[in-house]
Structure formats: C-alpha cells, structure tokens
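Below: one structure, written as structure tokens.
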Amino acid sequence: MVKRLLIAANWKMNPPPEGSLLPASPYLEHAAVDVIVLPGHLDLERCIAARLITGGQYGHPEPKGAHTGDVSIQMLARLGCRYVLCGHSERRRDHHESSAFVMEQVVAALEANIHPILCVGETLEEREAGKEHEVVKHQLKGLPEHGEITIAYEPVWAIGTGKTATPQQAQAMHAFIRPLLPKDLHAATRILYGGSMNKDNAEALLLRPDIDGGLIGGASLKPEEFAAIVKIAEGITKK
Ligand code: 13P
C-alpha cells in the first residue's frame with residue numbers, strides 16, 4: 001500500500017495568508033499529497049467556500065449546550081470541516097485540556113464523521129527528565145479501537161522555537177508511537193511531525209520511514225515556503 005503524505009497548515013490565531021483563498025492557492029488539494037488548512041473558527045466558512053480541505057483547530061466534544069464561547073465538533077462537521085485538531089499543546093496549556101478530555105474530542109470527531117488529528121508531545125522539562133515516552137504513552141491512552149485517525153507528534157520545545165527535533169529524534173518517537181496504536185490501524189495511520197518544520201528541514205524529516213507528513217505552524221503562514229514544503233512532499237513516496 002502506498003501512503004499519501006499529509007501536509008497540514010495550522011494557521012493558529014492568524015488570518016488566512018495572502019492568496020490562500022484565490023483560485024491558484026498553494027493550499028489547495030494536490031494530486032500526490034494531501035494538503036489541509038486549519039484556520040481560526042471565523043475563517044472556516046470562507047476556506048471551505050474556496051474549496052480548501054479544511055479542519056477546525058479545536059471542537060468541544062458535546063454536540064451542544066451551555067459552553068459559552070465554544071464551538072462543537074458537530075458544528076464543525078455541519079459546516080463542512082473534514083478534520084479537527086484534538087489536544088494541540090497550546091490548547092492543553094492555555095485551556096488546561098486534560099488527556100481524557102482530548103480523547104473525548106477524538107471519539108466525538110469519529111462519531112461526527114470528521115477526521116481527528118490527535119496531537120501529542122512532551123515539554124522540554126519532561127524530555128530532560130527522560131519522561132518523553134511515558135508522557136506520550138499517557139496522551140495516547142484510551143484511543144478508540146476503530147476509526148481512521150491521524151497522530152501529530154509535536155514536541156512542545158520545538159513549537160515556534162526554531163529548534164526542530166532532529167530527524168532521528170522524531171523518527172524514534174514515531175516508531176515508539178506506532179505499535180501503541182490499535183492493531184488493525186497501526187500500519188495505515190499517518191503520524192505527522194510538527195515543530196519548526198520549514199522548507200530546509202522538511203525533506204530530511206519526511207524521508208524517515210515513520211514520518212508521514214507535517215503539521216506546520218509558522219512556515220504555513222508564508223505561501224511560498226508552504227508551497228515549497230508541499231513540493232518536497234510530492235517527491236516522496238511512502239510504503
Ligand atoms: P511551528 O511550525 O510554528 O513550530 O508550529 C508547529 C505547530 O504547533 C503546528 O501545530
């Protein structure tokens with residue numbers, strides 16, 4: 001089986017980059033690689049209208065109710081989102097999302113028929129204490145046995161710092177994660193790397209056997225740089 005790489009643009013709390021909604025957008029679906037955008041909630045609708053494959057950066061697992069300011073995964077699905085990020089480290093940090101709550105989001109996404117991208121990753125302190133495997137294993141606890149998901153390994157110390165995990169460090173963690181996934185899913189599940197990925201380091205990372213794509217923050221806000229990363233991914237085939 002040939003696995004298509006997935007390159008995801010996480011725009012975080014930023015407006016869509018210039019030209020991203022135009023007919024020649026570099027963020028559009030590509031023939032040989034899956035390209036998706038994760039805009040802020042207020043920009044979701046126009047990204048979908050511009051025919052981008054779109055996902056939410058967060059969704060509440062309950063379909064509706066008294067959660068002022070929140071948006072539910074079901075609402076995202078109804079709007080036409082195809083993906084949703086679950087448990088990005090910035091959400092875990094800023095909104096105190098626990099791993100159990102994040103897993104509720106994964107389950108809710110599968111029930112709503114949208115594809116969850118579960119984010120995991122350790123802090124610098126945890127890595128320095130040699131606890132990175134323990135932390136990531138805990139974050140994967142309770143994964144549903146069935147249903148298509150994507151995992152994004154994003155070491156917190158590499159996010160927005162310009163300090164990327166080396167291809168060896170990332171590959172080692174991805175190889176640790178894969179056997180922890182439900183048995184009938186582990187070969188087919190894509191495990192993305194995220195954390196200061198850019199056009200200069202993307203190739204070395206994406207060539208590693210267990211790195212099936214990238215979740216890109218800062219570099220995804222620069223259309224030319226993002227296009228360069230997609231082009232690199234197009235040149236790589238994974239079995
Ligand atoms: P950077 O690419 O800016 O390090 O962000 C990574 C990230 O958090 C993607 O979700």
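How things are named: the first chain in the structure tokens is A, the next is B, and so on; residues count from 1 in each chain; ligands count from 1 in the order shown.
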Residues of chain A at most 6 Å from ligand 1: nearest atom pair and distance in Å, only C-alpha atoms and all ligand atoms, as JSON lines:
```
{"residue": "A:Asn10", "atom": "CA", "partner": "ligand 1", "partner_atom_place_in_ligand_line": "10 (O)", "distance": 5.3}
{"residue": "A:Ala158", "atom": "CA", "partner": "ligand 1", "partner_atom_place_in_ligand_line": "4 (O)", "distance": 6.0}
{"residue": "A:Ile159", "atom": "CA", "partner": "ligand 1", "partner_atom_place_in_ligand_line": "4 (O)", "distance": 3.5}
{"residue": "A:Gly160", "atom": "CA", "partner": "ligand 1", "partner_atom_place_in_ligand_line": "4 (O)", "distance": 3.6}
{"residue": "A:Gly194", "atom": "CA", "partner": "ligand 1", "partner_atom_place_in_ligand_line": "6 (C)", "distance": 5.0}
{"residue": "A:Gly195", "atom": "CA", "partner": "ligand 1", "partner_atom_place_in_ligand_line": "4 (O)", "distance": 3.8}
{"residue": "A:Ser196", "atom": "CA", "partner": "ligand 1", "partner_atom_place_in_ligand_line": "4 (O)", "distance": 3.5}
{"residue": "A:Met197", "atom": "CA", "partner": "ligand 1", "partner_atom_place_in_ligand_line": "2 (O)", "distance": 5.3}
{"residue": "A:Leu215", "atom": "CA", "partner": "ligand 1", "partner_atom_place_in_ligand_line": "9 (C)", "distance": 4.8}
{"residue": "A:Ile216", "atom": "CA", "partner": "ligand 1", "partner_atom_place_in_ligand_line": "2 (O)", "distance": 4.3}
{"residue": "A:Gly217", "atom": "CA", "partner": "ligand 1", "partner_atom_place_in_ligand_line": "2 (O)", "distance": 3.4}
{"residue": "A:Gly218", "atom": "CA", "partner": "ligand 1", "partner_atom_place_in_ligand_line": "3 (O)", "distance": 3.7}
{"residue": "A:Ala219", "atom": "CA", "partner": "ligand 1", "partner_atom_place_in_ligand_line": "2 (O)", "distance": 5.9}
```
* Can you pull out every residue within 12 Å of A:Arg46, counting only C-alpha atoms, but drop anything in the same chain fewer than 4 positions away, and send it as a list of chain:residue names? => A:Pro15, A:Pro16, A:Ser20, A:Leu21, A:Leu22, A:Val37, A:Pro39, A:Gly40, A:His41, A:Leu42, A:Ala50, A:Arg51, A:Leu52, A:Ile53, A:Thr54, A:Leu79, A:Gly80, A:Cys81
* To do: Report as a PyMOL selection string: the residues of stretch 77-232 of chain A with a DSSP assignment of helix (DSSP H, G or I), based on the backbone of this structure.
  => chain A and resi 77-79+89-94+99-111+124-128+132-139+156-158+167-180+202-206+218-221+223-232
Output C-alpha atoms for every residue in the selection just made, as a PDB file, in the first residue's frame.
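For reference, out-v9.pdb as written:
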```pdb
ATOM      1  CA  ALA A  77     -18.866  18.834  10.804  1.00  0.00           C
ATOM      2  CA  ARG A  78     -22.127  20.534   9.829  1.00  0.00           C
ATOM      3  CA  LEU A  79     -20.190  23.446   8.342  1.00  0.00           C
ATOM      4  CA  SER A  89      -0.299  21.630  23.169  1.00  0.00           C
ATOM      5  CA  GLU A  90      -1.348  25.293  23.057  1.00  0.00           C
ATOM      6  CA  ARG A  91      -4.904  24.212  23.965  1.00  0.00           C
ATOM      7  CA  ARG A  92      -3.610  21.906  26.696  1.00  0.00           C
ATOM      8  CA  ARG A  93      -1.543  24.823  28.061  1.00  0.00           C
ATOM      9  CA  ASP A  94      -3.948  27.760  27.608  1.00  0.00           C
ATOM     10  CA  SER A  99      -5.718  13.991  28.006  1.00  0.00           C
ATOM     11  CA  ALA A 100      -9.067  12.452  28.980  1.00  0.00           C
ATOM     12  CA  PHE A 101     -10.946  15.483  27.621  1.00  0.00           C
ATOM     13  CA  VAL A 102      -8.849  15.376  24.446  1.00  0.00           C
ATOM     14  CA  MET A 103      -9.770  11.714  23.985  1.00  0.00           C
ATOM     15  CA  GLU A 104     -13.461  12.667  24.287  1.00  0.00           C
ATOM     16  CA  GLN A 105     -12.854  15.004  21.336  1.00  0.00           C
ATOM     17  CA  VAL A 106     -11.319  12.165  19.305  1.00  0.00           C
ATOM     18  CA  VAL A 107     -14.357   9.964  19.986  1.00  0.00           C
ATOM     19  CA  ALA A 108     -16.780  12.815  19.199  1.00  0.00           C
ATOM     20  CA  ALA A 109     -14.993  13.526  15.917  1.00  0.00           C
ATOM     21  CA  LEU A 110     -15.251   9.898  14.812  1.00  0.00           C
ATOM     22  CA  GLU A 111     -18.939   9.906  15.718  1.00  0.00           C
ATOM     23  CA  LEU A 124      11.447  20.289  27.444  1.00  0.00           C
ATOM     24  CA  GLU A 125      11.329  19.608  31.165  1.00  0.00           C
ATOM     25  CA  GLU A 126       9.775  16.193  30.550  1.00  0.00           C
ATOM     26  CA  ARG A 127      12.369  15.324  27.894  1.00  0.00           C
ATOM     27  CA  GLU A 128      15.228  16.407  30.131  1.00  0.00           C
ATOM     28  CA  GLU A 132       9.048  11.705  26.937  1.00  0.00           C
ATOM     29  CA  HIS A 133       7.890   8.154  26.247  1.00  0.00           C
ATOM     30  CA  GLU A 134       5.813   7.957  29.405  1.00  0.00           C
ATOM     31  CA  VAL A 135       4.134  11.306  28.603  1.00  0.00           C
ATOM     32  CA  VAL A 136       3.281  10.414  25.016  1.00  0.00           C
ATOM     33  CA  LYS A 137       2.024   6.960  26.021  1.00  0.00           C
ATOM     34  CA  HIS A 138      -0.307   8.595  28.549  1.00  0.00           C
ATOM     35  CA  GLN A 139      -1.593  11.022  25.911  1.00  0.00           C
ATOM     36  CA  VAL A 156       6.460  21.311  22.856  1.00  0.00           C
ATOM     37  CA  TRP A 157      10.066  22.500  22.951  1.00  0.00           C
ATOM     38  CA  ALA A 158      10.186  22.531  19.142  1.00  0.00           C
ATOM     39  CA  PRO A 167      15.055  13.515  12.098  1.00  0.00           C
ATOM     40  CA  GLN A 168      16.492  10.789  14.360  1.00  0.00           C
ATOM     41  CA  GLN A 169      14.668  12.069  17.459  1.00  0.00           C
ATOM     42  CA  ALA A 170      11.383  12.426  15.561  1.00  0.00           C
ATOM     43  CA  GLN A 171      11.699   9.022  13.863  1.00  0.00           C
ATOM     44  CA  ALA A 172      12.469   7.376  17.219  1.00  0.00           C
ATOM     45  CA  MET A 173       9.310   8.795  18.788  1.00  0.00           C
ATOM     46  CA  HIS A 174       7.165   7.946  15.759  1.00  0.00           C
ATOM     47  CA  ALA A 175       8.452   4.364  15.846  1.00  0.00           C
ATOM     48  CA  PHE A 176       7.578   4.256  19.558  1.00  0.00           C
ATOM     49  CA  ILE A 177       4.058   5.577  18.889  1.00  0.00           C
ATOM     50  CA  ARG A 178       3.101   3.268  16.017  1.00  0.00           C
ATOM     51  CA  PRO A 179       2.837  -0.026  17.946  1.00  0.00           C
ATOM     52  CA  LEU A 180       0.766   1.756  20.614  1.00  0.00           C
ATOM     53  CA  ALA A 202      11.254  19.143   5.727  1.00  0.00           C
ATOM     54  CA  GLU A 203      12.938  16.700   3.379  1.00  0.00           C
ATOM     55  CA  ALA A 204      15.204  15.091   5.978  1.00  0.00           C
ATOM     56  CA  LEU A 205      12.217  14.668   8.307  1.00  0.00           C
ATOM     57  CA  LEU A 206       9.746  13.411   5.696  1.00  0.00           C
ATOM     58  CA  GLY A 218       4.903  29.458  11.325  1.00  0.00           C
ATOM     59  CA  ALA A 219       6.091  28.293   7.896  1.00  0.00           C
ATOM     60  CA  SER A 220       2.487  27.639   6.821  1.00  0.00           C
ATOM     61  CA  LEU A 221       1.752  31.361   7.043  1.00  0.00           C
ATOM     62  CA  PRO A 223       2.582  30.794   0.997  1.00  0.00           C
ATOM     63  CA  GLU A 224       5.846  30.351  -0.919  1.00  0.00           C
ATOM     64  CA  GLU A 225       7.541  28.461   1.854  1.00  0.00           C
ATOM     65  CA  PHE A 226       4.462  26.302   2.349  1.00  0.00           C
ATOM     66  CA  ALA A 227       4.333  25.562  -1.391  1.00  0.00           C
ATOM     67  CA  ALA A 228       7.990  24.519  -1.239  1.00  0.00           C
ATOM     68  CA  ILE A 229       7.260  22.056   1.566  1.00  0.00           C
ATOM     69  CA  VAL A 230       4.301  20.591  -0.348  1.00  0.00           C
ATOM     70  CA  LYS A 231       6.564  20.183  -3.376  1.00  0.00           C
ATOM     71  CA  ILE A 232       9.117  18.294  -1.296  1.00  0.00           C
TER      72      ILE A 232
END
```
* Between atom CA of A:Leu207 and atom CA of A:Glu234, distance in Å (one decimal) -> 11.5 Å
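Here the question is which of A:Ala9, A:Pro63, A:Ile211, A:Pro182 gets nearest to A:Asn198 using only C-alpha atoms, and that residue is A:Ala9.
The two atoms in question, atom CA of A:Glu18 and atom CA of A:Asp34, are spaced 20.7 Å apart.
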* To do: Tell me which protein, DNA and RNA residues are within 8 Å of A:Leu192, counting only C-alpha atoms, leaving out same-chain ones fewer than 4 positions away, and put them as number ranges by chain.
  => A: 6, 150-153, 211-215
Any chance you could export the current selection's C-alpha atoms as a CSV table (one decimal), in the first residue's frame?
```csv
chain,number,residue,atom,x,y,z
A,6,LEU,CA,-0.3,14.8,4.7
A,150,THR,CA,-4.1,10.8,12.4
A,151,ILE,CA,-1.5,11.4,15.1
A,152,ALA,CA,0.7,14.5,15.3
A,153,TYR,CA,3.9,14.3,17.3
A,211,ILE,CA,7.1,10.3,9.4
A,212,ASP,CA,4.0,10.5,7.2
A,213,GLY,CA,3.7,14.3,6.9
A,214,GLY,CA,3.9,17.6,8.8
A,215,LEU,CA,1.8,19.8,11.0
```
* To do: Kindly indicate which residue among A:Pro26, A:Gly147, A:Gly162, A:Pro116 lies nearest to A:Gly56, using only C-alpha atoms for the distances.
  =>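 Answer, going by the shortest atom-to-atom distance: A:Pro116.
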* **Pick from A:Lys238, A:Gln57, A:Ile48, A:Lys141 nearest to A:Arg208, counting only C-alpha atoms** =>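 For A:Arg208, the nearest of the given residues is A:Lys238.
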* Would you work out the distance separating atom CA of A:Gly121 from atom CA of A:Val2, expressed in Å to one decimal? =>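 A separation of 26.7 Å between them.
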